[in-house]
>>> print(open('work.cif').read())   # mmCIF, C-alpha atoms
data_coords
#
loop_
_atom_site.label_atom_id
_atom_site.label_comp_id
_atom_site.auth_asym_id
_atom_site.auth_seq_id
_atom_site.Cartn_x
_atom_site.Cartn_y
_atom_site.Cartn_z
CA MET L 1342 30.46 -26.79 84.49
CA THR L 1343 30.58 -27.50 88.23
CA GLY L 1344 28.84 -29.90 90.58
CA ILE L 1345 28.45 -33.58 90.95
CA ASN L 1346 28.33 -34.14 87.21
CA GLN L 1347 32.03 -33.20 87.01
CA ILE L 1348 33.05 -36.19 89.17
CA ARG L 1349 34.27 -38.82 86.74
CA THR L 1350 37.34 -40.22 88.48
CA ILE L 1351 38.57 -40.74 92.04
CA GLU L 1352 40.76 -37.67 91.56
CA ASP L 1353 37.64 -35.63 90.80
CA LEU L 1354 36.08 -36.91 94.03
CA GLU L 1355 39.17 -36.05 96.07
CA ARG L 1356 39.34 -32.58 94.50
CA ALA L 1357 35.68 -31.99 95.29
CA THR L 1358 36.16 -33.25 98.84
CA TYR L 1359 39.49 -31.69 99.83
CA GLY L 1360 39.60 -28.64 97.56
CA THR L 1361 41.85 -27.74 94.66
CA GLY L 1362 45.04 -27.86 96.68
CA ASN L 1363 47.71 -30.50 96.46
CA TYR L 1364 45.67 -33.57 97.21
CA SER L 1365 48.78 -35.58 96.35
CA SER L 1366 49.93 -34.75 99.89
CA LEU L 1367 47.68 -37.62 100.91
CA MET L 1368 50.37 -39.85 99.43
CA LYS L 1369 53.17 -41.12 101.61
CA ALA L 1370 56.79 -40.77 100.59
CA ALA L 1371 57.03 -44.52 100.17
CA GLY L 1372 54.00 -44.60 97.90
CA ALA L 1373 50.23 -44.78 98.14
CA THR L 1374 48.63 -45.28 101.53
CA SER L 1375 47.75 -48.92 102.12
CA GLY L 1376 44.11 -49.99 102.29
CA ILE L 1377 42.49 -49.58 105.65
CA HIS L 1378 39.51 -51.88 105.17
CA GLY L 1379 39.58 -55.61 104.43
CA ALA L 1380 37.02 -57.51 102.39
CA HIS L 1381 34.32 -59.15 104.52
CA ASP L 1382 33.74 -62.02 102.09
CA LEU L 1383 37.32 -63.30 101.77
CA THR L 1384 39.40 -65.44 104.07
CA ALA L 1385 42.10 -63.79 106.11
CA ALA L 1386 44.73 -64.99 103.63
CA GLY L 1387 42.83 -63.62 100.65
CA ALA L 1388 41.72 -60.31 102.16
CA PHE L 1389 43.22 -57.20 100.68
CA GLY L 1390 44.29 -54.04 102.44
CA GLY L 1391 43.85 -53.55 106.14
CA SER L 1392 47.52 -52.96 106.94
CA ASP L 1393 47.20 -49.47 108.43
CA THR L 1394 45.05 -50.45 111.40
CA ALA L 1395 45.99 -47.29 113.27
CA LEU L 1396 43.97 -45.28 110.74
CA HIS L 1397 40.79 -47.32 111.01
CA ASN L 1398 39.01 -49.63 113.45
CA LEU L 1399 35.78 -51.49 112.92
CA ILE L 1400 32.97 -50.35 115.24
CA TYR L 1401 30.63 -53.23 116.06
CA GLY L 1402 28.09 -51.26 118.04
CA GLN L 1403 26.02 -52.31 121.06
CA LYS L 1404 23.31 -54.21 119.19
CA VAL L 1405 23.70 -58.00 119.33
CA TRP L 1406 21.89 -59.98 116.64
CA SER L 1407 20.92 -63.54 117.50
CA MET L 1408 22.05 -66.17 115.00
CA LEU L 1409 20.11 -68.90 116.80
CA ASN L 1410 16.58 -70.27 116.87
CA ARG L 1411 15.44 -69.68 120.45
CA GLU L 1412 11.94 -71.16 120.10
CA ILE L 1413 10.56 -72.78 123.29
CA ASN L 1414 7.12 -73.86 122.07
CA ALA L 1415 6.85 -77.10 124.08
CA PHE L 1416 7.42 -75.43 127.44
CA ALA L 1417 5.38 -72.37 126.47
CA MET L 1418 2.46 -74.59 125.42
CA LEU L 1419 2.13 -76.29 128.83
CA PRO L 1420 -0.40 -74.66 131.16
CA LYS L 1421 1.29 -73.24 134.26
CA LYS L 1422 -0.47 -73.84 137.57
CA PRO L 1423 0.55 -73.15 141.19
CA TRP L 1424 1.93 -76.10 143.14
CA SER L 1425 -1.13 -77.01 145.22
CA SER L 1426 -0.07 -80.45 146.49
CA SER L 1427 2.69 -82.99 145.99
CA GLY L 1428 0.36 -85.95 145.56
CA TRP L 1429 -2.96 -86.77 143.96
CA ARG L 1430 -5.35 -89.71 143.75
CA VAL L 1431 -6.47 -91.44 140.60
CA LEU L 1432 -9.30 -93.86 139.85
CA THR L 1433 -7.80 -97.03 138.40
CA GLU L 1434 -10.81 -99.36 138.28
CA ARG L 1435 -14.55 -98.89 138.07
CA ALA L 1436 -16.72 -100.14 140.92
CA LEU L 1437 -18.27 -102.42 138.34
CA GLY L 1438 -17.03 -103.03 134.81
CA GLY L 1439 -13.25 -103.40 135.12
CA SER L 1440 -10.45 -100.98 134.29
CA GLY L 1441 -10.40 -101.07 130.49
CA ASN L 1442 -11.51 -98.39 128.07
CA LEU L 1443 -14.78 -100.26 127.54
CA TRP L 1444 -17.10 -101.87 130.05
CA ASP L 1445 -16.02 -105.40 130.96
CA THR L 1446 -18.68 -107.13 133.08
CA ASP L 1447 -16.43 -109.76 134.62
CA GLY L 1448 -13.20 -107.74 134.41
CA GLY L 1449 -13.30 -106.15 137.84
CA THR L 1450 -11.44 -107.39 140.89
CA GLY L 1451 -13.43 -110.25 142.42
CA GLN L 1452 -16.04 -110.00 139.66
CA GLY L 1453 -14.82 -112.77 137.37
CA SER L 1454 -18.06 -114.76 137.81
CA LEU L 1455 -20.43 -111.91 137.00
CA THR L 1456 -22.64 -111.90 133.92
CA ASP L 1457 -24.68 -109.15 132.29
CA GLY L 1458 -27.67 -110.57 134.14
CA VAL L 1459 -26.38 -109.50 137.53
CA ILE L 1460 -25.07 -105.96 137.07
CA GLY L 1461 -27.69 -104.08 139.05
CA GLY L 1462 -31.13 -105.43 138.22
CA VAL L 1463 -32.55 -107.10 141.35
CA THR L 1464 -35.63 -109.10 142.27
CA GLU L 1465 -38.31 -107.79 144.59
CA ASN L 1466 -37.20 -107.66 148.22
CA ALA L 1467 -33.74 -108.95 147.29
CA ALA L 1468 -31.40 -109.85 150.11
CA PHE L 1469 -27.95 -108.38 150.64
CA THR L 1470 -25.13 -110.79 149.90
CA ALA L 1471 -21.49 -110.86 150.94
CA SER L 1472 -19.87 -111.32 147.53
CA ALA L 1473 -20.57 -112.13 143.90
CA THR L 1474 -20.75 -115.87 143.27
CA GLY L 1475 -22.20 -116.04 139.79
CA VAL L 1476 -25.53 -117.29 141.14
CA VAL L 1477 -28.19 -114.70 140.43
CA ALA L 1478 -29.86 -114.99 143.81
CA ASP L 1479 -26.53 -114.63 145.61
CA SER L 1480 -24.96 -111.90 143.47
CA GLN L 1481 -27.73 -109.35 142.92
CA LEU L 1482 -26.81 -107.11 145.85
CA SER L 1483 -23.21 -108.04 146.52
CA PRO L 1484 -21.05 -105.03 147.53
CA ILE L 1485 -19.03 -103.25 144.85
CA ALA L 1486 -16.26 -100.68 145.22
CA PRO L 1487 -13.97 -98.66 142.94
CA LYS L 1488 -10.19 -98.87 143.18
CA TYR L 1489 -7.89 -95.92 143.62
CA SER L 1490 -4.17 -95.31 143.64
CA THR L 1491 -1.95 -92.43 144.65
CA LEU L 1492 0.74 -90.61 142.71
CA PHE L 1493 3.22 -87.97 143.78
CA ALA L 1494 5.77 -85.64 142.27
CA ALA L 1495 8.80 -83.88 143.73
CA PRO L 1496 9.58 -80.34 142.59
CA LYS L 1497 12.74 -79.85 140.52
CA THR L 1498 14.99 -76.80 140.81
CA ILE L 1499 16.33 -75.41 137.53
CA ALA L 1500 18.94 -72.67 137.90
CA HIS L 1501 21.49 -70.84 135.74
CA GLN L 1502 23.94 -68.22 136.96
CA PHE L 1503 26.48 -65.91 135.38
CA GLU L 1504 29.11 -63.49 136.60
CA ILE L 1505 30.76 -60.33 135.25
CA SER L 1506 33.91 -58.83 136.72
CA GLU L 1507 33.84 -55.20 137.87
CA LEU L 1508 36.49 -54.33 135.29
CA ALA L 1509 34.56 -55.95 132.41
CA ALA L 1510 31.36 -54.16 133.42
CA ALA L 1511 33.15 -50.81 133.51
CA MET L 1512 35.10 -51.25 130.26
CA SER L 1513 32.06 -52.47 128.33
CA LYS L 1514 30.63 -48.95 128.63
CA ILE L 1515 33.79 -47.43 127.16
CA ASP L 1516 35.53 -48.08 123.84
CA ASP L 1517 33.55 -50.31 121.48
CA GLY L 1518 31.68 -52.27 124.15
CA ILE L 1519 28.11 -53.50 124.20
CA GLY L 1520 27.13 -51.01 126.86
CA ASP L 1521 25.54 -52.42 129.99
CA ILE L 1522 27.01 -55.92 129.87
CA MET L 1523 24.98 -57.05 132.90
CA ALA L 1524 21.77 -56.08 131.11
CA ALA L 1525 22.89 -57.93 127.98
CA TYR L 1526 23.76 -61.07 129.95
CA ARG L 1527 20.55 -60.77 131.96
CA GLU L 1528 18.49 -60.90 128.79
CA GLU L 1529 20.48 -63.69 127.16
CA ILE L 1530 20.69 -65.98 130.20
CA GLY L 1531 16.98 -65.52 130.76
CA VAL L 1532 16.26 -66.85 127.28
CA SER L 1533 18.76 -69.69 127.77
CA HIS L 1534 17.06 -70.59 131.07
CA ALA L 1535 13.73 -71.08 129.31
CA GLU L 1536 15.35 -72.84 126.37
CA ALA L 1537 17.05 -75.33 128.71
CA MET L 1538 13.72 -76.26 130.32
CA ASN L 1539 12.18 -76.67 126.87
CA HIS L 1540 15.04 -79.02 125.94
CA MET L 1541 14.51 -81.07 129.13
CA LEU L 1542 10.83 -81.39 128.29
CA LEU L 1543 11.65 -82.95 124.91
CA MET L 1544 14.59 -85.16 125.90
CA PRO L 1545 14.18 -88.56 124.16
CA LEU L 1546 14.25 -91.73 126.24
CA GLU L 1547 17.38 -93.08 124.57
CA ALA L 1548 19.23 -89.83 125.41
CA MET L 1549 18.79 -90.61 129.12
CA ASP L 1550 20.98 -93.73 128.76
CA ALA L 1551 24.70 -93.13 129.31
CA ALA L 1552 26.05 -96.65 128.81
CA GLY L 1553 23.48 -99.21 129.89
CA PRO L 1554 22.68 -99.93 132.55
CA ILE L 1555 23.94 -96.53 133.67
CA PRO L 1556 21.64 -93.50 133.45
CA LEU L 1557 22.92 -90.19 132.15
CA ALA L 1558 24.51 -88.48 135.14
CA GLY L 1559 22.28 -85.76 136.58
CA VAL L 1560 19.31 -86.45 134.30
CA GLN L 1561 17.12 -87.17 137.33
CA ASN L 1562 17.52 -83.52 138.38
CA ASN L 1563 15.85 -82.27 135.20
CA ILE L 1564 12.13 -81.69 134.86
CA THR L 1565 10.48 -84.86 133.62
CA SER L 1566 10.48 -85.26 129.86
CA LEU L 1567 7.27 -85.69 127.89
CA TYR L 1568 8.96 -88.72 126.32
CA LYS L 1569 9.00 -90.41 129.74
CA ILE L 1570 5.49 -89.36 130.77
CA VAL L 1571 3.93 -90.26 127.43
CA SER L 1572 5.24 -93.81 127.24
CA SER L 1573 4.18 -97.36 128.09
CA LYS L 1574 5.58 -100.68 129.25
CA ALA L 1575 5.22 -102.06 125.72
CA GLU L 1576 7.22 -99.17 124.23
CA LEU L 1577 9.98 -99.48 126.81
CA MET L 1578 10.29 -103.18 126.07
CA ALA L 1579 10.41 -102.44 122.32
CA LEU L 1580 13.23 -99.95 122.94
CA ASP L 1581 15.49 -101.92 125.26
CA THR L 1582 18.15 -104.50 124.48
CA SER L 1583 16.57 -107.43 126.31
CA ASN L 1584 13.27 -107.33 124.43
CA GLY L 1585 13.54 -104.96 121.48
CA ALA L 1586 15.67 -102.89 119.13
CA GLY L 1587 18.43 -101.93 121.57
CA LEU L 1588 17.91 -98.16 121.53
CA ILE L 1589 18.04 -98.46 125.33
CA LEU L 1590 21.30 -100.27 126.01
CA ASP L 1591 20.01 -102.68 128.67
CA ALA L 1592 16.71 -103.88 130.13
CA TYR L 1593 14.63 -100.79 130.86
CA ASP L 1594 13.74 -102.10 134.33
CA ASN L 1595 17.31 -102.91 135.35
CA ASN L 1596 17.75 -101.57 138.88
CA ALA L 1597 21.04 -99.98 137.87
CA TYR L 1598 19.05 -97.44 135.82
CA LEU L 1599 17.66 -96.13 139.13
CA GLY L 1600 14.15 -96.01 137.70
CA VAL L 1601 15.03 -93.46 135.01
CA PHE L 1602 12.85 -95.36 132.51
CA GLU L 1603 10.29 -97.38 134.45
CA ALA L 1604 9.47 -95.20 137.47
CA LEU L 1605 6.84 -92.50 137.13
CA TYR L 1606 5.17 -90.56 139.94
CA GLY L 1607 6.02 -93.23 142.51
CA HIS L 1608 4.96 -96.29 140.48
CA ASN L 1609 6.82 -98.70 138.20
CA ARG L 1610 5.51 -99.33 134.72
CA SER L 1611 6.97 -102.83 134.87
CA ASP L 1612 4.32 -103.80 137.44
CA ALA L 1613 1.45 -105.80 135.94
CA SER L 1614 -1.01 -103.76 138.01
CA SER L 1615 0.18 -100.42 136.60
CA SER L 1616 -1.28 -100.64 133.10
CA TRP L 1617 -3.28 -97.49 133.89
CA LEU L 1618 0.07 -95.63 133.59
CA ASP L 1619 0.40 -96.62 129.92
CA ALA L 1620 -0.14 -93.80 127.46
CA TYR L 1621 -1.22 -94.54 123.89
CA ILE L 1622 1.95 -95.20 121.88
CA SER L 1623 2.01 -95.97 118.15
CA TYR L 1624 5.39 -97.20 116.92
CA GLY L 1625 4.42 -99.86 114.37
CA ALA L 1626 5.46 -103.50 114.51
CA SER L 1627 8.78 -102.76 116.22
CA TYR L 1628 11.55 -100.17 116.46
CA ALA L 1629 13.78 -102.28 114.21
CA ALA L 1630 12.44 -100.54 111.08
CA ARG L 1631 10.59 -97.30 110.48
CA ARG L 1632 7.16 -97.04 108.84
CA ASN L 1633 5.60 -94.35 106.67
CA LEU L 1634 3.52 -91.53 108.07
CA THR L 1635 -0.08 -92.00 106.89
CA LEU L 1636 -3.34 -90.34 107.73
CA ASN L 1637 -4.56 -93.68 109.03
CA VAL L 1638 -1.78 -93.70 111.65
CA LEU L 1639 -2.75 -90.24 112.84
CA ASN L 1640 -6.50 -90.85 112.72
CA THR L 1641 -6.15 -94.13 114.59
CA ALA L 1642 -4.26 -92.36 117.37
CA LEU L 1643 -6.95 -89.71 117.69
CA ARG L 1644 -9.70 -92.34 117.75
CA GLU L 1645 -7.95 -94.46 120.38
CA LEU L 1646 -7.36 -91.46 122.61
CA GLN L 1647 -10.98 -90.43 122.41
CA LEU L 1648 -11.95 -94.02 123.21
CA ARG L 1649 -9.86 -93.73 126.37
CA GLY L 1650 -11.81 -90.64 127.38
CA ALA L 1651 -9.22 -88.06 126.35
CA SER L 1652 -9.92 -84.78 124.63
CA PRO L 1653 -6.76 -83.88 122.66
CA LYS L 1654 -6.01 -80.17 122.83
CA VAL L 1655 -2.70 -79.84 120.99
CA ILE L 1656 -0.36 -81.72 118.63
CA LEU L 1657 3.39 -81.20 119.05
CA THR L 1658 5.79 -82.25 116.31
CA GLY L 1659 8.78 -81.10 114.27
CA TYR L 1660 8.82 -78.85 111.23
CA ASP L 1661 9.66 -81.78 108.96
CA THR L 1662 6.61 -83.78 110.04
CA ILE L 1663 4.34 -80.76 109.57
CA GLN L 1664 5.68 -80.43 106.02
CA ALA L 1665 5.19 -84.15 105.35
CA LEU L 1666 1.63 -84.02 106.70
CA GLY L 1667 0.84 -80.99 104.56
CA GLU L 1668 2.14 -82.71 101.43
CA LEU L 1669 0.18 -85.85 102.34
CA LEU L 1670 -3.05 -83.91 102.67
CA GLN L 1671 -2.41 -81.88 99.53
CA ALA L 1672 -1.91 -85.07 97.51
CA GLN L 1673 -5.41 -86.11 98.57
CA GLU L 1674 -6.79 -82.64 97.83
CA ARG L 1675 -7.35 -82.00 101.50
CA TYR L 1676 -5.86 -79.17 103.48
CA MET L 1677 -4.89 -78.41 107.02
CA GLY L 1678 -6.95 -75.67 108.63
CA ARG L 1679 -5.66 -72.64 110.47
CA ALA L 1680 -6.31 -71.51 114.01
CA GLU L 1681 -5.17 -68.69 116.26
CA VAL L 1682 -3.49 -69.88 119.44
CA MET L 1683 -3.64 -67.60 122.45
CA PRO L 1684 -0.94 -67.66 125.12
CA THR L 1685 -2.12 -68.61 128.61
CA HIS L 1686 -0.68 -68.33 132.08
CA ASN L 1687 -2.35 -70.12 134.99
CA GLY L 1688 -5.48 -70.49 132.92
CA ILE L 1689 -5.79 -66.77 132.12
CA LYS L 1690 -5.92 -66.12 128.39
CA GLY L 1691 -4.13 -63.25 126.74
CA VAL L 1692 -5.97 -60.52 124.89
CA LYS L 1693 -6.76 -61.39 121.30
CA GLY L 1694 -4.57 -59.46 118.92
CA ARG L 1695 -1.72 -59.65 116.48
CA GLU L 1696 0.94 -59.09 119.10
CA VAL L 1697 -0.04 -61.95 121.42
CA GLY L 1698 -1.71 -64.57 119.24
CA PHE L 1699 -0.18 -66.55 116.38
CA LYS L 1700 -1.55 -68.65 113.56
CA VAL L 1701 -0.82 -72.36 113.40
CA ALA L 1702 -1.98 -75.26 111.27
CA THR L 1703 -4.68 -77.56 112.62
CA TYR L 1704 -5.71 -81.17 112.07
CA HIS L 1705 -9.29 -82.04 112.96
CA ASP L 1706 -9.40 -78.60 114.60
CA ILE L 1707 -6.48 -79.52 116.91
CA PRO L 1708 -3.63 -76.95 116.76
CA ILE L 1709 -0.28 -78.27 115.53
CA ILE L 1710 2.62 -76.59 117.33
CA PRO L 1711 6.10 -76.90 115.75
CA CYS L 1712 9.04 -77.70 118.04
CA LYS L 1713 12.64 -77.46 116.89
CA GLU L 1714 13.78 -79.80 119.69
CA MET L 1715 11.41 -82.65 118.80
CA GLY L 1716 13.14 -86.03 118.69
CA SER L 1717 12.87 -88.79 116.13
CA THR L 1718 12.62 -92.14 117.92
CA GLY L 1719 13.62 -95.15 115.85
CA THR L 1720 16.48 -96.81 114.01
CA GLY L 1721 18.38 -94.46 111.71
CA THR L 1722 16.98 -91.10 110.64
CA GLY L 1723 13.37 -90.24 109.99
CA LEU L 1724 10.58 -87.80 110.66
CA SER L 1725 10.06 -86.11 114.01
CA ASP L 1726 7.77 -87.77 116.54
CA ILE L 1727 4.22 -86.57 117.19
CA PHE L 1728 2.74 -85.87 120.62
CA ILE L 1729 -1.05 -85.65 120.96
CA LEU L 1730 -1.74 -84.10 124.34
CA ASP L 1731 -4.76 -83.47 126.51
CA THR L 1732 -3.55 -80.39 128.40
CA ASP L 1733 -6.60 -80.43 130.67
CA HIS L 1734 -4.67 -83.15 132.51
CA LEU L 1735 -1.08 -82.07 131.80
CA HIS L 1736 0.56 -78.97 133.22
CA PHE L 1737 3.70 -77.50 134.74
CA ALA L 1738 3.13 -77.28 138.50
CA THR L 1739 5.00 -74.19 139.71
CA LEU L 1740 6.30 -74.08 143.27
CA LYS L 1741 8.45 -71.02 142.62
CA PRO L 1742 8.05 -69.11 139.35
CA THR L 1743 11.08 -68.00 137.39
CA GLU L 1744 12.88 -65.32 139.39
CA TYR L 1745 16.02 -63.29 138.80
CA PHE L 1746 18.50 -62.52 141.56
CA GLU L 1747 21.53 -60.22 141.34
CA GLY L 1748 24.24 -59.25 143.74
CA GLY L 1749 27.83 -58.09 143.89
CA ILE L 1750 30.04 -55.07 144.05
CA ASP L 1751 27.65 -52.79 142.17
CA SER L 1752 25.00 -53.44 144.80
CA GLY L 1753 27.46 -52.79 147.62
CA ASP L 1754 27.96 -56.43 148.61
CA PRO L 1755 31.13 -57.87 147.05
CA PHE L 1756 31.49 -60.26 149.99
CA GLY L 1757 28.25 -62.03 149.06
CA VAL L 1758 29.67 -63.21 145.72
CA GLY L 1759 33.25 -63.46 147.00
CA LYS L 1760 34.69 -61.68 143.96
CA LEU L 1761 35.29 -58.19 142.61
CA GLY L 1762 32.33 -58.44 140.33
CA ASN L 1763 28.63 -59.15 140.02
CA ARG L 1764 26.56 -62.29 139.70
CA GLY L 1765 23.10 -62.96 138.34
CA LEU L 1766 20.90 -66.02 138.81
CA TYR L 1767 17.71 -67.34 137.23
CA ARG L 1768 15.79 -69.98 139.18
CA THR L 1769 12.57 -71.90 138.55
CA ILE L 1770 11.12 -74.62 140.81
CA GLY L 1771 8.40 -76.95 139.56
CA GLU L 1772 7.65 -80.20 137.78
CA VAL L 1773 5.51 -81.54 134.96
CA VAL L 1774 2.37 -83.18 136.35
CA CYS L 1775 0.03 -85.48 134.43
CA THR L 1776 -3.21 -86.57 136.09
CA PHE L 1777 -4.40 -88.73 133.18
CA VAL L 1778 -1.47 -90.53 131.56
CA LYS L 1779 -3.70 -92.84 129.51
CA GLY L 1780 -5.17 -89.76 127.84
CA GLN L 1781 -1.85 -88.73 126.27
CA GLY L 1782 -0.55 -90.07 122.98
CA LYS L 1783 2.67 -90.34 120.98
CA ILE L 1784 3.42 -91.47 117.41
CA THR L 1785 7.03 -92.50 116.72
CA ASN L 1786 9.21 -94.49 114.34
CA LEU L 1787 8.18 -92.47 111.28
CA GLN L 1788 9.83 -91.89 107.95
#
>>> encode(input="work.cif", output="structure tokens")
Amino acid sequence: MTGINQIRTIEDLERATYGTGNYSSLMKAAGATSGIHGAHDLTAAGAFGGSDTALHNLIYGQKVWSMLNREINAFAMLPKKPWSSSGWRVLTERALGGSGNLWDTDGGTGQGSLTDGVIGGVTENAAFTASATGVVADSQLSPIAPKYSTLFAAPKTIAHQFEISELAAAMSKIDDGIGDIMAAYREEIGVSHAEAMNHMLLMPLEAMDAAGPIPLAGVQNNITSLYKIVSSKAELMALDTSNGAGLILDAYDNNAYLGVFEALYGHNRSDASSSWLDAYISYGASYAARRNLTLNVLNTALRELQLRGASPKVILTGYDTIQALGELLQAQERYMGRAEVMPTHNGIKGVKGREVGFKVATYHDIPIIPCKEMGSTGTGTGLSDIFILDTDHLHFATLKPTEYFEGGIDSGDPFGVGKLGNRGLYRTIGEVVCTFVKGQGKITNLQ
């Protein structure tokens, strides 16, 4: 009987492979040939074989598998708009009714004596008056005026470069190389460029403090973090050493910090007249101790933001908080909905379809986007923070979109890079702009 059914031992396999000749010639004079392949799941000390490396080499191939999570959801979520101007004006006080979320008859500048009886209803043939005095006859037609302020932003340059020697580029196409090493680096550095901007966008406030009152060197060159934009004077005081839990190592408004914490778009949050720069922040009684995530905390934030005139478009948080929220809703026999999020660029939506849209959980019909870089503000460890954002008033203003530049010996210009090799560069110029800070919200200090 012949064929595969005759193979019962390794000798049978060798005989079938090499013929019926003297397969023992495969044996060395000193004994059996050593193993040429080591075990992949043992340490170097415990691996067997592998001594005759001249007979066998591992081939790794040109494919590179990523072992990392490269998600950049926070930066991808922000609308991208062209840089149209460096400054913008904002309304900070009504012409009549104050600057709060609700109408306040006597809350406006110079209107402390007004009553609800003199807010526009006038007598027949009423006379013009110079200012409100509290007397009906004198205040009916006193002049009123809104108050404005100006904000500005400076574009930030984010750049990453790499270089490959001429020899490395040539040898990578020979032997067991990865092929076109410039192409491989070009792809990888491009992803890292975007990932770095995503990380900047989610840098916690306490991470900007080197050793109070000294800011982290170079942090002012990064694009502005959402943690800084979506903050308030009360939160900064609760974080610093002078007034709160000491997560910021000195007073947040110490001049030595160079405005890293208090300055935003040309104004200081420490100023009593800058309360219109305070976002809605929910951190509990203090940052000294964390509190539990409850539906009431989340619902209160949504209600307060709507009271301020915001229209929340997206919720950003970490995977752990999404899980906790799901378990919380399930315990109450309620469930998060699902929605398809479409990518946008400069306000232009992508085509609906499996390849460009993705499903995410929703809460009150607001998409919840997971972010691996989300911080967890508070003492000790806890759940990731939650951002509730109105992206109608929050975007990445782009002065120069991400561009790739390459030069060097392969392009005939080794003198440009000053080396026998090639260099590549990714560069983006822009800044995060928020035209309605009070309409943004953040929930922190969760467990």
>>> atom_distance(input="work.cif", atom1="atom CA of L:Phe1493", atom2="atom CA of L:Asn1609")
12.6 Å
>>> closest_residue(input="work.cif", among="L:Ala1486, L:Ala1510, L:Ile1707, L:Met1544", to="L:Gly1449", atoms="only C-alpha atoms")
L:Ala1486
>>> resolve_selection(input="work.cif", expression="the PyMOL selection byres ((chain L and resi 1630) around 12)", output="list in words")
Ala1579, Leu1580, Gly1585, Ala1586, Tyr1624, Gly1625, Ala1626, Ser1627, Tyr1628, Ala1629, Arg1631, Arg1632, Asn1633, Thr1718, Gly1719, Thr1720, Gly1721, Thr1722, Gly1723, Thr1785, Asn1786, Leu1787 and Gln1788 of chain L
>>> write_last_selection(input="work.cif", atoms="C-alpha atoms", output="PDB file, in the frame of the given file")
ATOM      1  CA  ALA L1579      10.410-102.440 122.320  1.00  0.00           C
ATOM      2  CA  LEU L1580      13.230 -99.950 122.940  1.00  0.00           C
ATOM      3  CA  GLY L1585      13.540-104.960 121.480  1.00  0.00           C
ATOM      4  CA  ALA L1586      15.670-102.890 119.130  1.00  0.00           C
ATOM      5  CA  TYR L1624       5.390 -97.200 116.920  1.00  0.00           C
ATOM      6  CA  GLY L1625       4.420 -99.860 114.370  1.00  0.00           C
ATOM      7  CA  ALA L1626       5.460-103.500 114.510  1.00  0.00           C
ATOM      8  CA  SER L1627       8.780-102.760 116.220  1.00  0.00           C
ATOM      9  CA  TYR L1628      11.550-100.170 116.460  1.00  0.00           C
ATOM     10  CA  ALA L1629      13.780-102.280 114.210  1.00  0.00           C
ATOM     11  CA  ARG L1631      10.590 -97.300 110.480  1.00  0.00           C
ATOM     12  CA  ARG L1632       7.160 -97.040 108.840  1.00  0.00           C
ATOM     13  CA  ASN L1633       5.600 -94.350 106.670  1.00  0.00           C
ATOM     14  CA  THR L1718      12.620 -92.140 117.920  1.00  0.00           C
ATOM     15  CA  GLY L1719      13.620 -95.150 115.850  1.00  0.00           C
ATOM     16  CA  THR L1720      16.480 -96.810 114.010  1.00  0.00           C
ATOM     17  CA  GLY L1721      18.380 -94.460 111.710  1.00  0.00           C
ATOM     18  CA  THR L1722      16.980 -91.100 110.640  1.00  0.00           C
ATOM     19  CA  GLY L1723      13.370 -90.240 109.990  1.00  0.00           C
ATOM     20  CA  THR L1785       7.030 -92.500 116.720  1.00  0.00           C
ATOM     21  CA  ASN L1786       9.210 -94.490 114.340  1.00  0.00           C
ATOM     22  CA  LEU L1787       8.180 -92.470 111.280  1.00  0.00           C
ATOM     23  CA  GLN L1788       9.830 -91.890 107.950  1.00  0.00           C
TER      24      GLN L1788
END
>>> closest_residue(input="work.cif", among="L:Pro1554, L:Gly1448, L:Gly1458, L:Gly1765", to="L:Ala1592", atoms="all atoms listed in the file")
L:Pro1554
>>> atom_distance(input="work.cif", atom1="atom CA of L:Leu1761", atom2="atom CA of L:Glu1744")
23.7 Å
>>> closest_residue(input="work.cif", among="L:Lys1713, L:Arg1430, L:Arg1679, L:His1705", to="L:Thr1662", atoms="all atoms listed in the file")
L:Lys1713
>>> resolve_selection(input="work.cif", expression="the PyMOL selection byres ((chain L and resi 1749-1758) around 10)", output="JSON, numbers by chain")
{"L": [1504, 1505, 1506, 1507, 1510, 1747, 1748, 1759, 1760, 1761, 1762, 1763, 1764, 1765]}
>>> resolve_selection(input="work.cif", expression="the PyMOL selection byres ((chain L and resi 1545) around 8)", output="list in words")
Leu1543, Met1544, Leu1546, Glu1547, Ala1548, Met1549, Ser1566, Tyr1568, Lys1569, Gly1716 and Thr1718 of chain L
>>> write_last_selection(input="work.cif", atoms="C-alpha atoms", output="PDB file, in the coordinates of the input")
ATOM      1  CA  LEU L1543      11.650 -82.950 124.910  1.00  0.00           C
ATOM      2  CA  MET L1544      14.590 -85.160 125.900  1.00  0.00           C
ATOM      3  CA  LEU L1546      14.250 -91.730 126.240  1.00  0.00           C
ATOM      4  CA  GLU L1547      17.380 -93.080 124.570  1.00  0.00           C
ATOM      5  CA  ALA L1548      19.230 -89.830 125.410  1.00  0.00           C
ATOM      6  CA  MET L1549      18.790 -90.610 129.120  1.00  0.00           C
ATOM      7  CA  SER L1566      10.480 -85.260 129.860  1.00  0.00           C
ATOM      8  CA  TYR L1568       8.960 -88.720 126.320  1.00  0.00           C
ATOM      9  CA  LYS L1569       9.000 -90.410 129.740  1.00  0.00           C
ATOM     10  CA  GLY L1716      13.140 -86.030 118.690  1.00  0.00           C
ATOM     11  CA  THR L1718      12.620 -92.140 117.920  1.00  0.00           C
TER      12      THR L1718
END
>>> atom_distance(input="work.cif", atom1="atom CA of L:Ile1530", atom2="atom CA of L:Ile1770")
16.7 Å
>>> residues_around(input="work.cif", residues="L:Ile1729", least_positions_apart="3", cutoff="12 Å", atoms="all atoms listed in the file", output="number ranges by chain")
L: 1567-1568, 1571, 1620-1623, 1639-1647, 1651-1658, 1704, 1707-1710, 1726, 1732, 1735, 1778-1785
